[in-house]
Every structure is written in C-alpha cells, then in structure tokens.
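Enquirer: Take a look at the following structure, please.
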Protein chains: 2
Amino acid sequence: MPVKSEHIPRATIKRLAVYVQVLENLIREGTDVISSELLAKACAVNPSQIRKDLAYFGEFGVRGLGYYVKELNTSIKSALGVDRVWRCALVGVGNLGKALLNHHEFKLRGFHIVGAFDCDPFKIGEEVSGLEVVCTRRLKEKVAELGIEVGIITTPPERAQRATGHLVEAGIKGILTFAPTRIAVPDHVFVEYVDFFHHLYALAFNLTLIEDEQ
Amino acid sequence: MPVKSEHIPRATIKRLAVYVQVLENLIREGTDVISSELLAKACAVNPSQIRKDLAYFGEFGVRGLGYYVKELNTSIKSALGVDRVWRCALVGVGNLGKALLNHHEFKLRGFHIVGAFDCDPFKIGEEVSGLEVVCTRRLKEKVAELGIEVGIITTPPERAQRATGHLVEAGIKGILTFAPTRIAVPDHVFVEYVDFFHHLYALAFNLTLIEDEQ
DNA sequence: TGGGCTATGTTAAAAATTTCACATGATTAG
DNA sequence: CTAATCATGTGAAATTTTTAACATAGCCCA
Ligand SMILES: NC(=O)c1ccc[n+]([C@@H]2O[C@H](COP(=O)([O-])OP(=O)(O)OC[C@H]3O[C@@H](n4cnc5c(N)ncnc54)[C@H](O)[C@@H]3O)[C@@H](O)[C@H]2O)c1
Ligand SMILES: NC(=O)c1ccc[n+]([C@@H]2O[C@H](COP(=O)([O-])OP(=O)(O)OC[C@H]3O[C@@H](n4cnc5c(N)ncnc54)[C@H](O)[C@@H]3O)[C@@H](O)[C@H]2O)c1
C-alpha cells in the first residue's frame with residue numbers, strides 16, 4: 001500500500017484503527033457496503049473526517065454507493081502495515097505478562113509473541129503458553145535468531161528503562177510498554193504507552209466537570 | 001480546583017495525566033523543584049505546552065524558579081478530580097477482569113473496585129480479591145447501595161453493549177471498557193476505550209514507513 | 001537592600017487539523 | 001439510453017492546537 005501523501009497525522013492513524021474495529025464487526029454482521037455517513041456514526045466521528053483520512057492513502061469508495069466493507073478493511077489494514085505478521089518479544093513474565101501471553105487475540109491480529117524474557121532465575125526455563133522463558137541477557141541473540149521487530153515491556157516501572165536498553169541494544173525499533181513510566185529511547189525507536197490510568201483520569205475529569213456544573 | 005477557562009482540550013487532559021506520572025517519579029527521586037523545560041523534556045513535549053496546559057487551571061509556578069514538584073502534582077491531580085476516591089464496578093470476571101481485580105494499583109490511585117459482576121451462574125458467589133462476584137441483574141441495586149460512579153467493562157466484545165446497558169440503567173456516568181468494540185451510550189455518559197491493538201497498529205504503521213523509506 | 005538572572009504566565013503568530021461545500025462520477029430506475 | 005439520485009473525493013474555510021516571543025515577577029547574591 002503506497003502512501004499517497006507526505007505526512008499523515010497521528011490522529012488519523014488512531015482513527016484508522018477504530019475504523020478497522022468497526023469494519024470487522026460489520027463484516028461479522030454481514031454488511032456488504034457502508035457509506036462514510038454511517039461508518040462515521042458508528043465511530044463517533046465526522047463523515048468528512050473519514051473521507052479525508054482515507055484520501056491520504058488512495059481512493060477506496062464508489063461514488064453514489066459507499067465503501068465495500070471487506071475491501072475497505074483490507075485496504076486500511078494494508079495501509080497500516082498490519083496485513084502481515086509482526087514478531088514480538090515480551091519482557092517481564094509477571095501477572096500481566098502471563099495474561100498477555102495467554103491472550104489469543106495477539107496471534108489473531110498478526111502480532112506473534114515468539115519470545116518471552118525475564119531476569120528472575122526462578123522464572124527462566126518455565127513454560128508459559130507454549131513458550132520457554134529465556135534470560136533477558138540472551139535477548140539480543142534471540143531477537144536476531146527469531147527475526148523479532150517489536151518489544152512488549154511488562155516489567156515493573158523501575159525496570160522499564162533497563163528493559164528498554166536491552167531491546168534497543170538488540171536492534172528493536174518499536175516498543176509497546178505497559179509500565180506506568182516514560183522511557184528514553186534513540187530517535188529511530190518508536191514507543192507506544194498503554195496506561196489505563198490515563199483513561200481513568202480523563203473519565204474522572206469529565207465526571208467532575210459535569211458534577212461541578214450542577 | 002476551580003476551572004479558570006471554559007473549554008479544555010482533550011489533549012491537554014491526556015498530557016496532564018502524563019505530567020502526573022513523571023512528577024510522581026520525580027517525587028520518588030527526591031527532586032523538589034523543576035522547570036517547565038526539564039519537565040517538558042521528560043514528557044517529550046514542548047515547554048510552552050506545559051505552561052499553557054497549566055494556565056487553563058491557574059498559576060502554579062514561581063517565576064525565575066520553576067514548579068515545586070509535590071505542590072504541582074497535588075494541583076494537577078486536584079484539577080483532574082483524582083484527589084478523591086472513585087468507586088468502581090467491574091463487569092465480566094474473566095481472565096482480564098481477575099487480573100485487574102488483583103492489581104493493587106487501582107486502589108493506590110484512588111479507583112476502588114467495590115463491586116464485581118458476572119452473568120455466568122458458575123462465577124456468581126465466587127470470591128476474587130476479597131470481593132464476592134454478584135449477578136449482573138443486581139447491578140442497579142448494588143450501584144445505589146455502594147455509591148458506584150464508574151463502570152469497568154471486561155466482557156467479551158459481543159456482550160459489551162449489554163453490559164453497557166446495565167451500567168447506564170444503573171445510573172453510571174463514566175465507563176472504561178477493555179472490549180475491542182465501540183459501544184453506544186446516551187450523551188451524558190462518558191466512555192474511554194482501552195485497546196492496545198490501536199497502539200500496536202500505530203507502531204506497525206511507523207515501522208512500515210521507515211522500512212519503506214529505505 | 002538592590003540589581004541581575006531566570007523561568008513563569010500570557011499574548012500573538014504559526015501550524016495543524018477538522019469541517020464545510022460542492023463538483024464529479026457511478027449507480028439505478030424509468 | 002437518459003435523467004435523477006446519491007455519496008465520494010477534494011479544495012477552501014473555519015477552527016483548534018501548538019509554538020514562539022516577551023514582559024513580568026520572584027529569587028539569589030553581592
Ligand atoms: N497486573 C496488571 O493487571 C497490570 C495492569 C496494568 C499495568 N500493569 C503494569 O505492568 C507491569 C507488570 O505488572 P505485573 O503485575 O505483571 O508485575 P509482576 O511483578 O507480576 O511482573 C513483573 C515481571 O517483570 C520481571 N522483571 C523485572 N525486571 C526485569 C528486567 N529488567 N528484565 C526482564 N524482566 C524483568 C520480574 O521478574 C517479573 O516477572 C507493571 O509496570 C504494572 O504497573 C499491570
Ligand atoms: N485477556 C486479556 O489479556 C485481554 C487483554 C485485552 C483485552 N481483553 C478484552 O477483555 C475482554 C475480556 O477478556 P477475557 O480474556 O477476560 O475474556 P473471558 O472470556 O475470560 O471473560 C469474560 C467474562 O465476562 C463474563 N460475561 C459475559 N457476558 C457478560 C455480561 N453480559 N455481563 C456480565 N458478565 C459477562 C463471562 O462470564 C466471563 O467471565 C475481552 O473483550 C477481551 O477482548 C482481554
């Protein structure tokens with residue numbers, strides 16, 4: 001999927017992920033065609049926004065009709081680069097790490113966790129979801145061997161920077177971290193933070209606002 | 001904490017949550033005072049951005065010096081409405097639900113999960129992390145009894161809308177959902193979506209971009 | 001105690017993003 | 001085959017958000 005335009009807003013990428021989510025539900029429901037207006041309603045955005053977002057990548061609709069759901073879904077996934085398998089390493093096999101290793105949806109969506117790493121000698125060698133837990137020291141070797149491109153950090157926050165160091169050292173260019181702390185990386189490495197307290201804080205703020213109004 | 005200005009950008013709220021995260025690390029490290037420049041560096045934002053974000057709520061700094069870390073943290077948390085306890089109900093006591101119920105950080109951050117609900121007769125009555133799992137049918141009654149204001153959805157996606165219905169019916173005004181599907185709510189209800197595939201998609205897109213460039 | 005320094009708070013400019021409006025082209029019904 | 005209809009794709013307008021610039025006010029040292 002060639003990118004038509006130069007810079008694509010970060011917000012557009014976030015929305016494309018939402019469109020995929022909704023489109024896959026529509027596929028399950030058996031909907032063949034959808035207009036930007038209806039899709040927009042389902043995603044809680046403006047219809048023009050959808051058309052503009054898609055225009056960054058090409059023309060996917062049929063004038064006077066709308067979009068073929070399956071086709072559009074495939075096109076967006078291709079644009080996002082998720083029409084392939086991404087091999088991932090998980091660092092920190094604790095409560096959350098184990099839950100993620102057992103979560104089948106990763107594989108379903110093309111993110112294959114092919115390496116599990118921990119620094120706790122008691123955990124090394126243990127098998128979780130069919131994967132042997134390996135010592136973090138061997139990360140670099142394994143990343144090369146398994147062709148890993150994405151790192152997932154599930155260590156405690158005070159260890160997140162160290163885990164990051166290992167991943168960067170191993171040549172990883174993309175990191176998803178669940179540790180509630182900012183991590184420092186070189187310019188060429190992308191980091192995405194998952195922190196649901198940010199969402200809870202946003203909720204609290206909105207709830208406080210409407211309470212104060214009354 | 002009185003809001004000085006009328007509308008506050010959503011992006012500002014997201015950043016305030018990041019500032020809190022970084023400030024709490026600084027407190028732990030024993031830093032007393034920080035400038036917007038250094039805080040900005042730690043949060044990977046522009047210094048003006050921080051000052052502008054704070055200006056929506058008041059004046060918290062000392063000219064020529066910077067911000068007292070503890071004081072600023074308290075002020076931001078107050079502005080966000082997280083200087084109090086929020087009572088929460090969790091709906092869907094499966095793998096993820098149990099992990100969250102056992103995650104102590106919720107209580108630490110003022111979000112107390114005081115009710116756990118499921119519709120599976122085999123789960124009802126079971127005890128998880130000191131909470132008895134209650135039938136979803138009794139949600140309304142329990143929400144009133146326990147003064148619950150926030151709902152957390154951890155059901156499978158195809159059940160998320162039903163769970164939403166119960167929560168809205170019970171008078172809940174804020175929902176955090178982990179189910180990878182959009183849910184429909186009345187205007188007065190706020191929803192926050194936690195979906196780390198959105199983050200993985202964003203990573204995949206960025207990684208694909210730089211690969212294509214080479 | 002006063003002057004130099006420094007980083008805030010704020011106003012103004014710049015940039016980015018969203019929304020509008022409509023010409024265009026495909027579909028479908030007559 | 002033609003006309004009416006409809007929803008896309010897009011350029012321009014409006015809005016929002018970010019960044020820059022600077023005057024102001026408090027600290028610190030002489
Ligand atoms: N448990 C949850 O529900 C949950 C939810 C959201 C976020 N989180 C966050 O996820 C992270 C993990 O949480 P958890 O509950 O699984 O903690 P945990 O203590 O159960 O697991 C942490 C694991 O990381 C390993 N580890 C520590 N340092 C390491 C290093 N340098 N290299 C490799 N492995 C290392 C530990 O040995 C341990 O196995 C924390 O930052 C937490 O805040 C957890
Ligand atoms: N497991 C993970 O690591 C993980 C990670 C991210 C997101 N998720 C998402 O979180 C959700 C839950 O995942 P899970 O792995 O815990 O699934 P699960 O099947 O283990 O748990 C779902 C629970 O919801 C209950 N439930 C179903 N319908 C209900 C209803 N109407 N009212 C109340 N309870 C109901 C079920 O009885 C079950 O206990 C899913 O949407 C999943 O996609 C899971």
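All residue names refer to the structure tokens as shown: chains lettered A, B, ... in order, residues numbered from 1 in each chain, ligands numbered from 1 in order.
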Once you count only C-alpha atoms (C1' of nucleotides) and all ligand atoms, which residues end up within 9 Å of ligand 1, and could you hand them over as a ChimeraX atom specification?

Expert: /A:90-99,117-123,135-137,153-164,166,177-181,194-197 /B:96-106

Enquirer: Extract the full set of strand (DSSP E or B) residues from range 81-184 of chain A according to DSSP on the backbone, and format it as number ranges by chain.

Expert: A: 86-91, 111-118, 127-128, 131-135, 150-153, 174-177

Enquirer: If the cut-off is 9 Å, can you tell me the residues of chain A near chain D, counting only C-alpha atoms (C1' of nucleotides)? I'd like them as a ChimeraX atom specification.

Expert: /A:35-37,51-52,55,59,61-66

Enquirer: Using Å and a single decimal, report how far CA of Val189 in chain B sits from CA of Ala144 in chain B.

Expert: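 That distance, rounded to one decimal, is 16.9 Å.
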
Enquirer: Determine which residues of range 38-206 of chain A DSSP labels as helix (DSSP H, G or I) from the backbone of this structure, then write them out as a count of residues only.

Expert: 73

Enquirer: Could you please tell me, as a list in words, which residues of chain A have an atom within 6 Å of chain B when using only C-alpha atoms?

Expert: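 Within 6 Å of chain B on chain A, we get Ala17, Leu80, Gly81, Glu192, His198, His199, Ala204, Phe205 and Thr208 of chain A.
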
Enquirer: For the selection you just gave me, I'd like the residues written to a file as an mmCIF file, in the first residue's frame, keeping all heavy atoms.

Expert:
```cif
data_model
loop_
_atom_site.group_PDB
_atom_site.id
_atom_site.type_symbol
_atom_site.label_atom_id
_atom_site.label_comp_id
_atom_site.auth_asym_id
_atom_site.auth_seq_id
_atom_site.Cartn_x
_atom_site.Cartn_y
_atom_site.Cartn_z
ATOM 1 N N ALA A 17 -7.394 2.766 13.058
ATOM 2 C CA ALA A 17 -7.510 1.566 13.893
ATOM 3 C C ALA A 17 -8.948 1.372 14.367
ATOM 4 O O ALA A 17 -9.444 0.245 14.441
ATOM 5 C CB ALA A 17 -6.559 1.657 15.086
ATOM 6 N N LEU A 80 -1.962 0.444 7.097
ATOM 7 C CA LEU A 80 -1.368 0.488 8.436
ATOM 8 C C LEU A 80 -0.162 -0.453 8.555
ATOM 9 O O LEU A 80 0.618 -0.350 9.491
ATOM 10 C CB LEU A 80 -2.410 0.100 9.495
ATOM 11 C CG LEU A 80 -3.493 1.128 9.802
ATOM 12 C CD1 LEU A 80 -4.544 0.542 10.730
ATOM 13 C CD2 LEU A 80 -2.888 2.373 10.425
ATOM 14 N N GLY A 81 -0.068 -1.374 7.613
ATOM 15 C CA GLY A 81 1.031 -2.335 7.705
ATOM 16 C C GLY A 81 0.707 -3.502 8.610
ATOM 17 O O GLY A 81 1.595 -4.143 9.159
ATOM 18 N N GLU A 192 5.061 3.193 22.180
ATOM 19 C CA GLU A 192 3.650 3.420 22.463
ATOM 20 C C GLU A 192 3.392 3.037 23.915
ATOM 21 O O GLU A 192 3.833 1.981 24.378
ATOM 22 C CB GLU A 192 2.766 2.580 21.533
ATOM 23 C CG GLU A 192 2.691 3.104 20.108
ATOM 24 C CD GLU A 192 1.804 4.333 19.969
ATOM 25 O OE1 GLU A 192 0.810 4.447 20.727
ATOM 26 O OE2 GLU A 192 2.105 5.170 19.101
ATOM 27 N N HIS A 198 -4.443 6.788 32.594
ATOM 28 C CA HIS A 198 -4.667 7.992 31.804
ATOM 29 C C HIS A 198 -6.138 8.081 31.415
ATOM 30 O O HIS A 198 -6.751 9.138 31.476
ATOM 31 C CB HIS A 198 -3.798 7.991 30.559
ATOM 32 C CG HIS A 198 -2.335 8.125 30.846
ATOM 33 N ND1 HIS A 198 -1.394 8.272 29.866
ATOM 34 C CD2 HIS A 198 -1.662 8.136 32.024
ATOM 35 C CE1 HIS A 198 -0.202 8.369 30.427
ATOM 36 N NE2 HIS A 198 -0.335 8.276 31.725
ATOM 37 N N HIS A 199 -6.709 6.957 31.030
ATOM 38 C CA HIS A 199 -8.127 6.940 30.652
ATOM 39 C C HIS A 199 -9.016 7.188 31.862
ATOM 40 O O HIS A 199 -10.002 7.906 31.787
ATOM 41 C CB HIS A 199 -8.481 5.604 30.006
ATOM 42 C CG HIS A 199 -7.781 5.337 28.718
ATOM 43 N ND1 HIS A 199 -8.293 5.723 27.510
ATOM 44 C CD2 HIS A 199 -6.610 4.730 28.439
ATOM 45 C CE1 HIS A 199 -7.462 5.354 26.544
ATOM 46 N NE2 HIS A 199 -6.430 4.756 27.087
ATOM 47 N N ALA A 204 -12.460 10.728 35.179
ATOM 48 C CA ALA A 204 -12.641 11.460 36.439
ATOM 49 C C ALA A 204 -12.817 12.943 36.157
ATOM 50 O O ALA A 204 -13.696 13.604 36.728
ATOM 51 C CB ALA A 204 -11.443 11.227 37.356
ATOM 52 N N PHE A 205 -11.993 13.467 35.242
ATOM 53 C CA PHE A 205 -12.086 14.888 34.911
ATOM 54 C C PHE A 205 -13.455 15.243 34.340
ATOM 55 O O PHE A 205 -14.102 16.189 34.785
ATOM 56 C CB PHE A 205 -10.994 15.270 33.912
ATOM 57 C CG PHE A 205 -11.108 16.670 33.425
ATOM 58 C CD1 PHE A 205 -10.785 17.734 34.254
ATOM 59 C CD2 PHE A 205 -11.563 16.944 32.144
ATOM 60 C CE1 PHE A 205 -10.903 19.050 33.824
ATOM 61 C CE2 PHE A 205 -11.689 18.253 31.709
ATOM 62 C CZ PHE A 205 -11.356 19.303 32.544
ATOM 63 N N THR A 208 -16.138 15.030 37.003
ATOM 64 C CA THR A 208 -16.032 16.150 37.937
ATOM 65 C C THR A 208 -16.625 17.401 37.319
ATOM 66 O O THR A 208 -17.362 18.146 37.968
ATOM 67 C CB THR A 208 -14.551 16.411 38.290
ATOM 68 O OG1 THR A 208 -13.989 15.202 38.796
ATOM 69 C CG2 THR A 208 -14.430 17.497 39.344
#
```

Enquirer: Expressed in Å to a single decimal, how great is the separation between CA of Val33 in chain B and CA of Leu108 in chain B?

Expert: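 Separation of CA of Val33 in chain B and CA of Leu108 in chain B: 24.2 Å.
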
Enquirer: Counting only C-alpha atoms (C1' of nucleotides), which residues from chain C have an atom at most 12 Å from any atom of chain B, and could you show them as a VMD selection string?

Expert: chain C and resid 4 to 11

Enquirer: Let me see the file: selected residues, N, CA, C and O atoms (P, O5', C5', C4', C3', O3' and C1' of nucleotides), as a PDB file, in the first residue's frame.

Expert:
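Result went into part_37.pdb, see below:
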```pdb
ATOM      1  P    DG C   4      21.974  45.660  36.852  1.00  0.00           P
ATOM      2  O5'  DG C   4      22.333  44.141  36.574  1.00  0.00           O
ATOM      3  C5'  DG C   4      23.332  43.487  37.367  1.00  0.00           C
ATOM      4  C4'  DG C   4      22.996  42.015  37.448  1.00  0.00           C
ATOM      5  C3'  DG C   4      22.624  41.380  36.095  1.00  0.00           C
ATOM      6  O3'  DG C   4      23.295  40.141  36.007  1.00  0.00           O
ATOM      7  C1'  DG C   4      20.921  40.954  37.672  1.00  0.00           C
ATOM      8  P    DC C   5      23.382  39.342  34.621  1.00  0.00           P
ATOM      9  O5'  DC C   5      22.701  37.982  35.061  1.00  0.00           O
ATOM     10  C5'  DC C   5      21.863  37.998  36.214  1.00  0.00           C
ATOM     11  C4'  DC C   5      21.364  36.613  36.493  1.00  0.00           C
ATOM     12  C3'  DC C   5      21.001  35.789  35.259  1.00  0.00           C
ATOM     13  O3'  DC C   5      21.039  34.424  35.613  1.00  0.00           O
ATOM     14  C1'  DC C   5      19.024  36.487  36.347  1.00  0.00           C
ATOM     15  P    DT C   6      20.946  33.286  34.478  1.00  0.00           P
ATOM     16  O5'  DT C   6      19.587  32.557  34.850  1.00  0.00           O
ATOM     17  C5'  DT C   6      19.177  32.440  36.218  1.00  0.00           C
ATOM     18  C4'  DT C   6      17.677  32.146  36.253  1.00  0.00           C
ATOM     19  C3'  DT C   6      17.160  31.378  35.031  1.00  0.00           C
ATOM     20  O3'  DT C   6      16.327  30.354  35.495  1.00  0.00           O
ATOM     21  C1'  DT C   6      15.857  33.304  35.366  1.00  0.00           C
ATOM     22  P    DA C   7      16.118  29.023  34.664  1.00  0.00           P
ATOM     23  O5'  DA C   7      14.550  28.850  34.737  1.00  0.00           O
ATOM     24  C5'  DA C   7      13.909  28.892  36.012  1.00  0.00           C
ATOM     25  C4'  DA C   7      12.480  29.336  35.808  1.00  0.00           C
ATOM     26  C3'  DA C   7      11.747  28.622  34.669  1.00  0.00           C
ATOM     27  O3'  DA C   7      10.409  28.427  35.079  1.00  0.00           O
ATOM     28  C1'  DA C   7      11.691  30.906  34.273  1.00  0.00           C
ATOM     29  P    DT C   8       9.370  27.620  34.248  1.00  0.00           P
ATOM     30  O5'  DT C   8       8.065  28.440  34.574  1.00  0.00           O
ATOM     31  C5'  DT C   8       7.728  28.704  35.925  1.00  0.00           C
ATOM     32  C4'  DT C   8       6.991  30.022  36.019  1.00  0.00           C
ATOM     33  C3'  DT C   8       5.598  29.984  35.388  1.00  0.00           C
ATOM     34  O3'  DT C   8       4.631  30.377  36.349  1.00  0.00           O
ATOM     35  C1'  DT C   8       6.888  31.808  34.519  1.00  0.00           C
ATOM     36  P    DG C   9       3.108  29.953  36.131  1.00  0.00           P
ATOM     37  O5'  DG C   9       2.548  31.155  35.263  1.00  0.00           O
ATOM     38  C5'  DG C   9       2.349  32.424  35.867  1.00  0.00           C
ATOM     39  C4'  DG C   9       1.885  33.426  34.820  1.00  0.00           C
ATOM     40  C3'  DG C   9       0.591  33.055  34.083  1.00  0.00           C
ATOM     41  O3'  DG C   9      -0.174  34.260  34.014  1.00  0.00           O
ATOM     42  C1'  DG C   9       2.334  33.410  32.515  1.00  0.00           C
ATOM     43  P    DT C  10      -1.560  34.350  33.255  1.00  0.00           P
ATOM     44  O5'  DT C  10      -1.166  34.956  31.848  1.00  0.00           O
ATOM     45  C5'  DT C  10      -0.513  36.229  31.790  1.00  0.00           C
ATOM     46  C4'  DT C  10      -0.360  36.645  30.344  1.00  0.00           C
ATOM     47  C3'  DT C  10      -1.551  36.311  29.454  1.00  0.00           C
ATOM     48  O3'  DT C  10      -1.736  37.362  28.541  1.00  0.00           O
ATOM     49  C1'  DT C  10       0.368  35.365  28.544  1.00  0.00           C
ATOM     50  P    DT C  11      -3.159  37.700  27.953  1.00  0.00           P
ATOM     51  O5'  DT C  11      -2.790  38.726  26.784  1.00  0.00           O
ATOM     52  C5'  DT C  11      -1.512  39.377  26.789  1.00  0.00           C
ATOM     53  C4'  DT C  11      -0.862  39.227  25.429  1.00  0.00           C
ATOM     54  C3'  DT C  11      -1.863  39.136  24.268  1.00  0.00           C
ATOM     55  O3'  DT C  11      -1.421  39.967  23.207  1.00  0.00           O
ATOM     56  C1'  DT C  11      -0.347  37.353  24.164  1.00  0.00           C
TER      57       DT C  11
END
```
